Amino acid sequence: MTAKLFRNSMAVAVSVMALSIILFMGVLYQYFSDQMMEALGTETWLVARGVELEGLNYLDGLDSENRVTWVAADGTVLFDSSTDSAAMENHGNREEIREAQENRLGAATRYSSTLAEQTLYSARRLSDGTVIRLASSQRTVWLLLLSMVQPILVILVLALLLSVVLASRLSRSIIRPIAELDLEHPEDCDAYDELAPLLTRIKRQNDTIKQQMGQLQQKQTEFSALTENMAEGFLLLDRQGRVLSHNPGALRLLGAEEPVGEVNALFLNREEHFRRAVDEVLEGHRSRQVLQMNGRCCQLLADPVWKDGEPAGAVLVLMDVTEQEKREELRREFTANVSHELKTPLTSISGFAEIMQDGFVKDEDVKVFAGRIYKEAQRLIRLVGDVIRISRLDEGGLPYQWEKLDLYSLTHDIFSTLHEAAEKQEVHMYMEGGSTVLDTVPTIMEEVLYNVCDNAVKYNHRGGEIFVRLKDGEDAVRVNVRDTGIGIPKEDQERIFERFYRVDKSHSKEIGGTGLGLSIVKHGVKTLNGRLWLNSEPGQGTEIIMEFPKHHMEKEAAV
């Protein structure tokens, strides 16, 4: 025990001696370094004044023991007294240069790869934004210190040898329990009692870090799931327009591929309106643009991100509004067509009435004119009725009452209603199948079947035929309505269910069609949760196939 105390005491004594010497040398080193840095700063000021007065001529004639470097505002080296400035890398990221550009004065100490030694740097920003930097080697400081080492060298060596021996023993005995600590499970460590509070705190810190990491990971997962699955696209840009973050929706809407590395937003898309939005938002202005790309219509909302009163970036949100634009176009087209279709009969009615009012009609012709007025009024009533029906189907405004209905009986009633019109055309109507019962809305189903059969009569050849076939399946009912009429060209088949669209407008005028029949069929089938197909060949007839579920589900009614 005595020997151990002796050794420890000697170790402390030698350590204190060595520490004192080191501290003394360190203080001297710092003092000489500060003096050298102060002198270097003074010389930097003088050189800077000379450059501001004479420019590069002053540097060419300068004779200084220190290295002189002149750096442009963007970091380009304009002059260096030790190295070819053209071969030097950009100095804009050097500590003393950045500090001088921000605070006018800058200083740093580091290892110089050019001079291959530890170097002191002093920099000063000139009035034109350039920077003058002087560099001085620290060899002078070390030479001064080395001159003072000799008197204490013997003592230092002896103390160092003794300290090494003692420190080796003490460090092994003291550090071993600490080195064996398991910081992942500090509660299981068998260490010094003095370390118990530290180990307890480490355990609490580990628990806190695990909890926070779990929360961050959960938030990251939620954010990724939200952004990756959203239909809208978003881009986060920095002040220079570089893309900091994006989601797959943005790339899909912009028609861009996944960028590799750091890219500018304009790399993703160079469409004029997109460029305009990026330019405006980076200037601090909110921008709204509509992009037409790849047959799609996208609305772009760009908002600046502010920091300390300055725009620091931008958030861009892209939304696919193609369907909205199509609906708006259809609405405008529907309004125009309704106006045109209403104007034609109203003009005829007004014209006939005006002629009768002015007395230009003979008594025996009054009945003829009245008949024409009645015919146009009936056409007007049919048109208004069709418009009301299709509007209600669009808006879901009809009071749907689902009931059991036999399609065979309904088809038979429709044939009876169309019998007179079919007889005039010499069209023969045939039904195939038997009793077919399903859950449906009778009024809508009647509208659908009536319009399909009515079209089959109107657009049939004289002496033609109509076949209605009912097929009762396990879960669905299929209705095929086939005629031997004029048929529909391929180029018109995709548009035949649009409102007011007619393949043969002259023939439609003769038969008094409103152009809404098949549109009512399309919306009615959709309302009844059914499906619709069309097969047609010009001159060979048309077949319309409809399939409806046999049983109505409540969740379907809510859709």
# chains A, B, ... in the order shown; residues from 1 in each chain; ligands from 1
call {"tool": "residues_around", "arguments": {"residues": "Trp70 (chain A)", "least_positions_apart": "5", "cutoff": "7 Å", "atoms": "only C-alpha atoms", "output": "list in words"}}
result
Val77, Leu78, Phe79, Asp80, Val131, Ile132 and Arg133 of chain A
call {"tool": "write_last_selection", "arguments": {"atoms": "all heavy atoms", "output": "tab-separated table (two decimals), in the first residue's frame"}}
result
chain	number	residue	atom	x	y	z
A	77	VAL	N	-8.75	33.60	-57.51
A	77	VAL	CA	-7.45	34.17	-57.10
A	77	VAL	C	-6.93	35.05	-58.22
A	77	VAL	O	-6.68	34.58	-59.34
A	77	VAL	CB	-6.45	33.05	-56.76
A	77	VAL	CG1	-5.11	33.66	-56.38
A	77	VAL	CG2	-6.99	32.19	-55.64
A	78	LEU	N	-6.78	36.34	-57.92
A	78	LEU	CA	-6.29	37.29	-58.92
A	78	LEU	C	-4.76	37.42	-58.90
A	78	LEU	O	-4.15	37.69	-59.93
A	78	LEU	CB	-6.93	38.67	-58.68
A	78	LEU	CG	-8.48	38.70	-58.67
A	78	LEU	CD1	-8.96	40.09	-58.31
A	78	LEU	CD2	-9.02	38.28	-60.03
A	79	PHE	N	-4.17	37.22	-57.70
A	79	PHE	CA	-2.71	37.38	-57.60
A	79	PHE	C	-2.23	36.57	-56.40
A	79	PHE	O	-2.92	36.48	-55.37
A	79	PHE	CB	-2.35	38.86	-57.40
A	79	PHE	CG	-0.88	39.09	-57.10
A	79	PHE	CD1	0.04	39.18	-58.11
A	79	PHE	CD2	-0.45	39.17	-55.77
A	79	PHE	CE1	1.39	39.38	-57.83
A	79	PHE	CE2	0.89	39.39	-55.48
A	79	PHE	CZ	1.81	39.48	-56.51
A	80	ASP	N	-1.07	35.96	-56.52
A	80	ASP	CA	-0.44	35.27	-55.40
A	80	ASP	C	1.06	35.41	-55.56
A	80	ASP	O	1.62	35.17	-56.64
A	80	ASP	CB	-0.85	33.80	-55.37
A	80	ASP	CG	-0.41	33.15	-54.06
A	80	ASP	OD1	-1.19	33.21	-53.10
A	80	ASP	OD2	0.70	32.60	-54.02
A	131	VAL	N	-10.60	40.77	-51.78
A	131	VAL	CA	-10.00	40.53	-50.47
A	131	VAL	C	-8.49	40.38	-50.63
A	131	VAL	O	-8.01	39.66	-51.51
A	131	VAL	CB	-10.59	39.26	-49.83
A	131	VAL	CG1	-9.91	38.97	-48.50
A	131	VAL	CG2	-12.09	39.41	-49.61
A	132	ILE	N	-7.75	41.09	-49.76
A	132	ILE	CA	-6.30	40.95	-49.67
A	132	ILE	C	-6.00	40.04	-48.47
A	132	ILE	O	-6.52	40.26	-47.37
A	132	ILE	CB	-5.61	42.30	-49.50
A	132	ILE	CG1	-5.60	43.07	-50.82
A	132	ILE	CG2	-4.17	42.13	-49.01
A	132	ILE	CD1	-4.74	42.45	-51.90
A	133	ARG	N	-5.21	38.98	-48.72
A	133	ARG	CA	-4.87	38.05	-47.65
A	133	ARG	C	-3.35	37.90	-47.57
A	133	ARG	O	-2.68	37.75	-48.59
A	133	ARG	CB	-5.51	36.69	-47.93
A	133	ARG	CG	-5.30	35.70	-46.79
A	133	ARG	CD	-5.72	34.32	-47.19
A	133	ARG	NE	-4.76	33.74	-48.15
A	133	ARG	CZ	-4.85	32.49	-48.61
A	133	ARG	NH1	-5.85	31.72	-48.23
A	133	ARG	NH2	-3.96	32.03	-49.47
call {"tool": "residues_around", "arguments": {"residues": "region 206-213 of chain A", "least_positions_apart": "4", "cutoff": "9 Å", "atoms": "only C-alpha atoms", "output": "ChimeraX atom specification"}}
result
/A:183-185,201-202,217-218
call {"tool": "atom_distance", "arguments": {"atom1": "CA of Pro248 (chain A)", "atom2": "CA of Phe234 (chain A)"}}
result
8.7 Å
call {"tool": "residues_around", "arguments": {"residues": "Arg531 (chain A)", "least_positions_apart": "5", "cutoff": "8 Å", "atoms": "only C-alpha atoms", "output": "MDAnalysis selection string"}}
result
chainID A and resid 525:526 546:548
call {"tool": "atom_distance", "arguments": {"atom1": "CA of Ile97 (chain A)", "atom2": "CA of Val71 (chain A)"}}
result
8.1 Å
call {"tool": "atom_distance", "arguments": {"atom1": "CA of Ile22 (chain A)", "atom2": "CA of Glu95 (chain A)"}}
result
28.7 Å
call {"tool": "select_by_dssp", "arguments": {"residues": "region 236-467 of chain A", "states": "helix (DSSP H, G or I)", "output": "VMD selection string"}}
result
chain A and resid 248 to 254 265 to 267 272 to 282 322 to 357 363 to 395 407 to 425 442 to 458
call {"tool": "write_last_selection", "arguments": {"atoms": "C-alpha atoms", "output": "short mmCIF file (atom, residue, chain, number, x, y, z; two decimals), in the first residue's frame"}}
result
data_model
loop_
_atom_site.label_atom_id
_atom_site.label_comp_id
_atom_site.auth_asym_id
_atom_site.auth_seq_id
_atom_site.Cartn_x
_atom_site.Cartn_y
_atom_site.Cartn_z
CA PRO A 248 -43.84 10.94 -57.66
CA GLY A 249 -47.03 12.83 -58.52
CA ALA A 250 -45.02 15.90 -59.54
CA LEU A 251 -42.80 13.88 -61.89
CA ARG A 252 -45.84 12.15 -63.38
CA LEU A 253 -47.73 15.39 -64.03
CA LEU A 254 -44.63 17.13 -65.42
CA ALA A 265 -36.62 22.86 -61.32
CA LEU A 266 -36.42 23.84 -65.00
CA PHE A 267 -34.60 20.57 -65.64
CA GLU A 272 -43.38 28.42 -70.85
CA HIS A 273 -46.00 28.71 -68.10
CA PHE A 274 -43.95 26.50 -65.77
CA ARG A 275 -40.87 28.68 -66.29
CA ARG A 276 -42.93 31.80 -65.68
CA ALA A 277 -44.30 30.38 -62.41
CA VAL A 278 -40.80 29.45 -61.17
CA ASP A 279 -39.40 32.89 -62.03
CA GLU A 280 -42.27 34.72 -60.37
CA VAL A 281 -42.30 32.70 -57.16
CA LEU A 282 -38.52 32.97 -56.68
CA THR A 322 -58.17 17.62 -67.00
CA GLU A 323 -61.53 16.16 -66.02
CA GLN A 324 -62.72 19.48 -64.64
CA GLU A 325 -61.74 21.22 -67.85
CA LYS A 326 -63.51 18.54 -69.89
CA ARG A 327 -66.64 18.91 -67.78
CA GLU A 328 -66.49 22.68 -68.19
CA GLU A 329 -66.10 22.27 -71.93
CA LEU A 330 -69.03 19.86 -72.00
CA ARG A 331 -71.09 22.31 -69.96
CA ARG A 332 -70.35 25.12 -72.40
CA GLU A 333 -71.09 22.85 -75.35
CA PHE A 334 -74.30 21.64 -73.68
CA THR A 335 -75.45 25.22 -73.07
CA ALA A 336 -74.72 26.20 -76.66
CA ASN A 337 -76.51 23.13 -78.03
CA VAL A 338 -79.55 23.62 -75.82
CA SER A 339 -79.75 27.24 -76.89
CA HIS A 340 -79.54 26.24 -80.55
CA GLU A 341 -82.06 23.42 -80.22
CA LEU A 342 -84.53 25.65 -78.36
CA LYS A 343 -84.10 28.50 -80.81
CA THR A 344 -85.11 26.44 -83.88
CA PRO A 345 -88.67 25.45 -82.81
CA LEU A 346 -89.24 28.78 -81.10
CA THR A 347 -88.31 30.60 -84.31
CA SER A 348 -90.74 28.43 -86.29
CA ILE A 349 -93.54 28.97 -83.75
CA SER A 350 -92.90 32.71 -83.68
CA GLY A 351 -92.81 32.91 -87.49
CA PHE A 352 -96.08 31.00 -88.00
CA ALA A 353 -97.79 32.98 -85.26
CA GLU A 354 -96.63 36.30 -86.74
CA ILE A 355 -97.96 35.35 -90.18
CA MET A 356 -101.33 34.40 -88.67
CA GLN A 357 -101.40 37.57 -86.56
CA ASP A 363 -109.08 30.66 -93.25
CA GLU A 364 -108.70 27.26 -94.84
CA ASP A 365 -104.90 27.32 -94.10
CA VAL A 366 -105.24 28.25 -90.42
CA LYS A 367 -105.53 24.59 -89.47
CA VAL A 368 -102.33 23.76 -91.38
CA PHE A 369 -100.37 26.54 -89.66
CA ALA A 370 -101.82 25.61 -86.28
CA GLY A 371 -100.70 22.01 -86.89
CA ARG A 372 -97.16 23.20 -87.65
CA ILE A 373 -97.15 25.30 -84.47
CA TYR A 374 -98.37 22.30 -82.48
CA LYS A 375 -95.70 20.06 -84.02
CA GLU A 376 -92.90 22.51 -83.14
CA ALA A 377 -94.33 22.98 -79.64
CA GLN A 378 -94.33 19.21 -79.10
CA ARG A 379 -90.74 19.08 -80.30
CA LEU A 380 -89.90 21.83 -77.82
CA ILE A 381 -91.66 19.99 -74.99
CA ARG A 382 -89.76 16.77 -75.78
CA LEU A 383 -86.47 18.64 -75.80
CA VAL A 384 -87.15 20.36 -72.47
CA GLY A 385 -88.25 17.03 -70.96
CA ASP A 386 -85.07 15.29 -72.11
CA VAL A 387 -82.93 18.13 -70.77
CA ILE A 388 -84.65 17.94 -67.38
CA ARG A 389 -84.26 14.16 -67.22
CA ILE A 390 -80.58 14.14 -68.08
CA SER A 391 -79.91 17.02 -65.66
CA ARG A 392 -81.57 15.07 -62.86
CA LEU A 393 -79.56 11.98 -63.72
CA ASP A 394 -76.38 14.07 -63.65
CA GLU A 395 -77.15 15.62 -60.27
CA LEU A 407 -87.86 -6.75 -67.81
CA TYR A 408 -89.84 -9.04 -70.07
CA SER A 409 -93.12 -7.30 -69.16
CA LEU A 410 -91.47 -3.86 -69.39
CA THR A 411 -90.10 -4.65 -72.88
CA HIS A 412 -93.51 -5.89 -73.99
CA ASP A 413 -95.10 -2.59 -72.84
CA ILE A 414 -92.44 -0.58 -74.70
CA PHE A 415 -93.09 -2.59 -77.87
CA SER A 416 -96.79 -1.73 -77.53
CA THR A 417 -95.94 1.97 -77.18
CA LEU A 418 -93.68 1.89 -80.25
CA HIS A 419 -96.01 -0.27 -82.32
CA GLU A 420 -97.50 2.61 -84.28
CA ALA A 421 -94.13 4.18 -85.10
CA ALA A 422 -92.70 0.79 -86.07
CA GLU A 423 -95.72 0.04 -88.26
CA LYS A 424 -95.19 3.27 -90.21
CA GLN A 425 -91.58 2.24 -90.86
CA PRO A 442 -88.54 1.33 -62.79
CA THR A 443 -88.72 4.90 -64.11
CA ILE A 444 -85.04 4.99 -65.08
CA MET A 445 -85.06 1.47 -66.52
CA GLU A 446 -88.09 2.36 -68.63
CA GLU A 447 -86.35 5.52 -69.93
CA VAL A 448 -83.25 3.49 -70.83
CA LEU A 449 -85.03 0.66 -72.68
CA TYR A 450 -87.49 3.01 -74.37
CA ASN A 451 -84.76 5.28 -75.76
CA VAL A 452 -82.70 2.34 -77.04
CA CYS A 453 -85.71 0.74 -78.75
CA ASP A 454 -86.99 4.10 -80.03
CA ASN A 455 -83.61 4.77 -81.68
CA ALA A 456 -83.66 1.27 -83.18
CA VAL A 457 -87.02 2.13 -84.83
CA LYS A 458 -86.12 5.66 -85.93
#
call {"tool": "residues_around", "arguments": {"residues": "region 433-439 of chain A", "least_positions_apart": "2", "cutoff": "8 Å", "atoms": "only C-alpha atoms", "output": "PyMOL selection string"}}
result
chain A and resi 402-409+431+441+469-472+477+549-552
call {"tool": "residues_around", "arguments": {"residues": "region 118-128 of chain A", "least_positions_apart": "6", "cutoff": "10 Å", "atoms": "only C-alpha atoms", "output": "PDB file with N, CA and C atoms, in the first residue's frame"}}
result
ATOM      1  N   SER A  33       2.280  33.871 -31.048  1.00  0.00           N
ATOM      2  CA  SER A  33       1.345  33.766 -32.173  1.00  0.00           C
ATOM      3  C   SER A  33       0.470  35.003 -32.268  1.00  0.00           C
ATOM      4  N   ASP A  34      -0.025  35.476 -31.112  1.00  0.00           N
ATOM      5  CA  ASP A  34      -0.861  36.688 -31.120  1.00  0.00           C
ATOM      6  C   ASP A  34      -0.075  37.885 -31.615  1.00  0.00           C
ATOM      7  N   MET A  36       2.480  37.803 -33.618  1.00  0.00           N
ATOM      8  CA  MET A  36       2.693  37.651 -35.056  1.00  0.00           C
ATOM      9  C   MET A  36       1.412  37.954 -35.835  1.00  0.00           C
ATOM     10  N   MET A  37       0.262  37.494 -35.302  1.00  0.00           N
ATOM     11  CA  MET A  37      -1.006  37.762 -35.982  1.00  0.00           C
ATOM     12  C   MET A  37      -1.313  39.258 -36.002  1.00  0.00           C
ATOM     13  N   GLU A  38      -0.988  39.939 -34.923  1.00  0.00           N
ATOM     14  CA  GLU A  38      -1.216  41.382 -34.875  1.00  0.00           C
ATOM     15  C   GLU A  38      -0.341  42.095 -35.909  1.00  0.00           C
ATOM     16  N   ALA A  39       0.919  41.673 -35.964  1.00  0.00           N
ATOM     17  CA  ALA A  39       1.813  42.286 -36.954  1.00  0.00           C
ATOM     18  C   ALA A  39       1.346  41.960 -38.377  1.00  0.00           C
ATOM     19  N   LEU A  40       0.860  40.719 -38.556  1.00  0.00           N
ATOM     20  CA  LEU A  40       0.374  40.316 -39.881  1.00  0.00           C
ATOM     21  C   LEU A  40      -0.852  41.135 -40.274  1.00  0.00           C
ATOM     22  N   GLY A  41      -1.737  41.418 -39.286  1.00  0.00           N
ATOM     23  CA  GLY A  41      -2.913  42.239 -39.559  1.00  0.00           C
ATOM     24  C   GLY A  41      -2.532  43.653 -39.946  1.00  0.00           C
ATOM     25  N   THR A  42      -1.515  44.196 -39.264  1.00  0.00           N
ATOM     26  CA  THR A  42      -1.061  45.564 -39.598  1.00  0.00           C
ATOM     27  C   THR A  42      -0.509  45.607 -41.022  1.00  0.00           C
ATOM     28  N   GLU A  43       0.286  44.600 -41.356  1.00  0.00           N
ATOM     29  CA  GLU A  43       0.844  44.568 -42.710  1.00  0.00           C
ATOM     30  C   GLU A  43      -0.257  44.357 -43.757  1.00  0.00           C
ATOM     31  N   THR A  44      -1.264  43.569 -43.392  1.00  0.00           N
ATOM     32  CA  THR A  44      -2.399  43.362 -44.311  1.00  0.00           C
ATOM     33  C   THR A  44      -3.104  44.676 -44.594  1.00  0.00           C
ATOM     34  N   TRP A  45      -3.284  45.475 -43.555  1.00  0.00           N
ATOM     35  CA  TRP A  45      -3.931  46.784 -43.735  1.00  0.00           C
ATOM     36  C   TRP A  45      -3.123  47.660 -44.680  1.00  0.00           C
ATOM     37  N   VAL A  47      -0.929  46.674 -46.997  1.00  0.00           N
ATOM     38  CA  VAL A  47      -0.997  46.153 -48.370  1.00  0.00           C
ATOM     39  C   VAL A  47      -2.354  46.480 -48.995  1.00  0.00           C
ATOM     40  N   ALA A  48      -3.415  46.345 -48.203  1.00  0.00           N
ATOM     41  CA  ALA A  48      -4.753  46.645 -48.719  1.00  0.00           C
ATOM     42  C   ALA A  48      -4.858  48.104 -49.155  1.00  0.00           C
ATOM     43  N   ARG A  49      -4.307  48.992 -48.358  1.00  0.00           N
ATOM     44  CA  ARG A  49      -4.317  50.409 -48.744  1.00  0.00           C
ATOM     45  C   ARG A  49      -3.543  50.635 -50.032  1.00  0.00           C
ATOM     46  N   VAL A  51      -3.040  48.436 -52.438  1.00  0.00           N
ATOM     47  CA  VAL A  51      -3.778  47.863 -53.578  1.00  0.00           C
ATOM     48  C   VAL A  51      -4.925  48.780 -53.971  1.00  0.00           C
ATOM     49  N   GLU A  52      -5.633  49.343 -52.973  1.00  0.00           N
ATOM     50  CA  GLU A  52      -6.744  50.239 -53.295  1.00  0.00           C
ATOM     51  C   GLU A  52      -6.249  51.490 -54.030  1.00  0.00           C
ATOM     52  N   ASN A  66       6.133  37.820 -46.216  1.00  0.00           N
ATOM     53  CA  ASN A  66       4.902  37.060 -46.102  1.00  0.00           C
ATOM     54  C   ASN A  66       4.279  36.836 -47.483  1.00  0.00           C
ATOM     55  N   ARG A  67       3.526  35.775 -47.572  1.00  0.00           N
ATOM     56  CA  ARG A  67       2.833  35.455 -48.816  1.00  0.00           C
ATOM     57  C   ARG A  67       1.602  36.364 -48.971  1.00  0.00           C
ATOM     58  N   VAL A  68       1.449  36.982 -50.140  1.00  0.00           N
ATOM     59  CA  VAL A  68       0.353  37.921 -50.413  1.00  0.00           C
ATOM     60  C   VAL A  68      -0.560  37.304 -51.489  1.00  0.00           C
ATOM     61  N   THR A  69      -1.858  37.294 -51.192  1.00  0.00           N
ATOM     62  CA  THR A  69      -2.853  36.759 -52.135  1.00  0.00           C
ATOM     63  C   THR A  69      -3.983  37.765 -52.297  1.00  0.00           C
ATOM     64  N   TRP A  70      -4.383  37.969 -53.541  1.00  0.00           N
ATOM     65  CA  TRP A  70      -5.505  38.894 -53.839  1.00  0.00           C
ATOM     66  C   TRP A  70      -6.639  38.034 -54.426  1.00  0.00           C
ATOM     67  N   VAL A  71      -7.800  38.059 -53.773  1.00  0.00           N
ATOM     68  CA  VAL A  71      -8.926  37.187 -54.132  1.00  0.00           C
ATOM     69  C   VAL A  71     -10.116  38.034 -54.554  1.00  0.00           C
ATOM     70  N   ALA A  72     -10.708  37.643 -55.692  1.00  0.00           N
ATOM     71  CA  ALA A  72     -11.894  38.365 -56.185  1.00  0.00           C
ATOM     72  C   ALA A  72     -13.101  38.052 -55.290  1.00  0.00           C
ATOM     73  N   ALA A  73     -14.176  38.816 -55.514  1.00  0.00           N
ATOM     74  CA  ALA A  73     -15.392  38.654 -54.686  1.00  0.00           C
ATOM     75  C   ALA A  73     -15.997  37.270 -54.835  1.00  0.00           C
ATOM     76  N   GLU A  95     -11.893  30.036 -44.762  1.00  0.00           N
ATOM     77  CA  GLU A  95     -12.493  30.631 -43.553  1.00  0.00           C
ATOM     78  C   GLU A  95     -12.221  32.128 -43.472  1.00  0.00           C
ATOM     79  N   GLU A  96     -10.934  32.517 -43.661  1.00  0.00           N
ATOM     80  CA  GLU A  96     -10.602  33.935 -43.499  1.00  0.00           C
ATOM     81  C   GLU A  96     -11.206  34.788 -44.621  1.00  0.00           C
ATOM     82  N   ILE A  97     -11.356  34.207 -45.836  1.00  0.00           N
ATOM     83  CA  ILE A  97     -11.949  34.951 -46.956  1.00  0.00           C
ATOM     84  C   ILE A  97     -13.427  35.209 -46.678  1.00  0.00           C
ATOM     85  N   ARG A  98     -14.148  34.142 -46.263  1.00  0.00           N
ATOM     86  CA  ARG A  98     -15.585  34.316 -45.976  1.00  0.00           C
ATOM     87  C   ARG A  98     -15.799  35.303 -44.826  1.00  0.00           C
ATOM     88  N   GLU A  99     -14.937  35.210 -43.810  1.00  0.00           N
ATOM     89  CA  GLU A  99     -15.082  36.127 -42.672  1.00  0.00           C
ATOM     90  C   GLU A  99     -14.803  37.576 -43.085  1.00  0.00           C
ATOM     91  N   ALA A 100     -13.825  37.770 -43.947  1.00  0.00           N
ATOM     92  CA  ALA A 100     -13.513  39.128 -44.411  1.00  0.00           C
ATOM     93  C   ALA A 100     -14.639  39.682 -45.280  1.00  0.00           C
ATOM     94  N   GLN A 101     -15.230  38.842 -46.110  1.00  0.00           N
ATOM     95  CA  GLN A 101     -16.335  39.295 -46.956  1.00  0.00           C
ATOM     96  C   GLN A 101     -17.553  39.675 -46.135  1.00  0.00           C
ATOM     97  N   GLU A 102     -17.718  38.997 -44.995  1.00  0.00           N
ATOM     98  CA  GLU A 102     -18.882  39.297 -44.160  1.00  0.00           C
ATOM     99  C   GLU A 102     -18.606  40.432 -43.164  1.00  0.00           C
ATOM    100  N   ASN A 103     -17.381  40.447 -42.565  1.00  0.00           N
ATOM    101  CA  ASN A 103     -17.107  41.405 -41.480  1.00  0.00           C
ATOM    102  C   ASN A 103     -15.976  42.378 -41.797  1.00  0.00           C
ATOM    103  N   ARG A 104     -15.517  42.361 -43.045  1.00  0.00           N
ATOM    104  CA  ARG A 104     -14.414  43.216 -43.527  1.00  0.00           C
ATOM    105  C   ARG A 104     -13.049  42.674 -43.105  1.00  0.00           C
ATOM    106  N   LEU A 105     -12.931  42.090 -41.893  1.00  0.00           N
ATOM    107  CA  LEU A 105     -11.665  41.537 -41.434  1.00  0.00           C
ATOM    108  C   LEU A 105     -11.837  40.044 -41.207  1.00  0.00           C
ATOM    109  N   GLY A 106     -10.774  39.288 -41.468  1.00  0.00           N
ATOM    110  CA  GLY A 106     -10.835  37.850 -41.253  1.00  0.00           C
ATOM    111  C   GLY A 106      -9.472  37.309 -40.879  1.00  0.00           C
ATOM    112  N   ALA A 107      -9.473  36.248 -40.060  1.00  0.00           N
ATOM    113  CA  ALA A 107      -8.219  35.637 -39.643  1.00  0.00           C
ATOM    114  C   ALA A 107      -8.438  34.144 -39.438  1.00  0.00           C
ATOM    115  N   ALA A 108      -7.364  33.367 -39.649  1.00  0.00           N
ATOM    116  CA  ALA A 108      -7.469  31.919 -39.480  1.00  0.00           C
ATOM    117  C   ALA A 108      -6.079  31.338 -39.334  1.00  0.00           C
ATOM    118  N   THR A 109      -6.035  30.142 -38.754  1.00  0.00           N
ATOM    119  CA  THR A 109      -4.786  29.395 -38.617  1.00  0.00           C
ATOM    120  C   THR A 109      -5.050  27.971 -39.060  1.00  0.00           C
ATOM    121  N   ARG A 110      -4.295  27.467 -40.036  1.00  0.00           N
ATOM    122  CA  ARG A 110      -4.493  26.104 -40.510  1.00  0.00           C
ATOM    123  C   ARG A 110      -3.256  25.659 -41.289  1.00  0.00           C
ATOM    124  N   TYR A 111      -3.309  24.402 -41.684  1.00  0.00           N
ATOM    125  CA  TYR A 111      -2.220  23.825 -42.450  1.00  0.00           C
ATOM    126  C   TYR A 111      -2.377  24.219 -43.911  1.00  0.00           C
ATOM    127  N   SER A 112      -1.345  24.788 -44.506  1.00  0.00           N
ATOM    128  CA  SER A 112      -1.372  25.220 -45.906  1.00  0.00           C
ATOM    129  C   SER A 112      -0.783  24.133 -46.777  1.00  0.00           C
ATOM    130  N   LEU A 134      -2.812  37.958 -46.330  1.00  0.00           N
ATOM    131  CA  LEU A 134      -1.400  37.711 -46.076  1.00  0.00           C
ATOM    132  C   LEU A 134      -1.274  36.440 -45.256  1.00  0.00           C
ATOM    133  N   ALA A 135      -0.245  35.642 -45.566  1.00  0.00           N
ATOM    134  CA  ALA A 135      -0.009  34.385 -44.867  1.00  0.00           C
ATOM    135  C   ALA A 135       1.417  34.345 -44.368  1.00  0.00           C
ATOM    136  N   SER A 136       1.567  33.867 -43.116  1.00  0.00           N
ATOM    137  CA  SER A 136       2.899  33.796 -42.518  1.00  0.00           C
ATOM    138  C   SER A 136       3.080  32.458 -41.838  1.00  0.00           C
ATOM    139  N   SER A 137       4.215  31.833 -42.024  1.00  0.00           N
ATOM    140  CA  SER A 137       4.499  30.543 -41.419  1.00  0.00           C
ATOM    141  C   SER A 137       4.723  30.703 -39.918  1.00  0.00           C
ATOM    142  N   GLN A 138       4.354  29.668 -39.149  1.00  0.00           N
ATOM    143  CA  GLN A 138       4.555  29.691 -37.707  1.00  0.00           C
ATOM    144  C   GLN A 138       5.941  29.154 -37.302  1.00  0.00           C
ATOM    145  N   ARG A 139       6.816  28.990 -38.293  1.00  0.00           N
ATOM    146  CA  ARG A 139       8.157  28.496 -37.949  1.00  0.00           C
ATOM    147  C   ARG A 139       8.881  29.446 -37.004  1.00  0.00           C
TER     148      ARG A 139
END
call {"tool": "select_by_dssp", "arguments": {"residues": "region 206-301 of chain A", "states": "strand (DSSP E)", "output": "PyMOL selection string"}}
result
chain A and resi 233-238+243-246+287-293+296-301
call {"tool": "closest_residue", "arguments": {"among": "A:Ser81, A:Thr484, A:Ser20, A:Asn269", "to": "Ile466 (chain A)", "atoms": "only C-alpha atoms"}}
result
A:Thr484
call {"tool": "residues_around", "arguments": {"residues": "Phe497 (chain A)", "least_positions_apart": "2", "cutoff": "7 Å", "atoms": "only C-alpha atoms", "output": "list in words"}}
result
Arg495, Arg499, Leu518, Ser519 and Lys522 of chain A
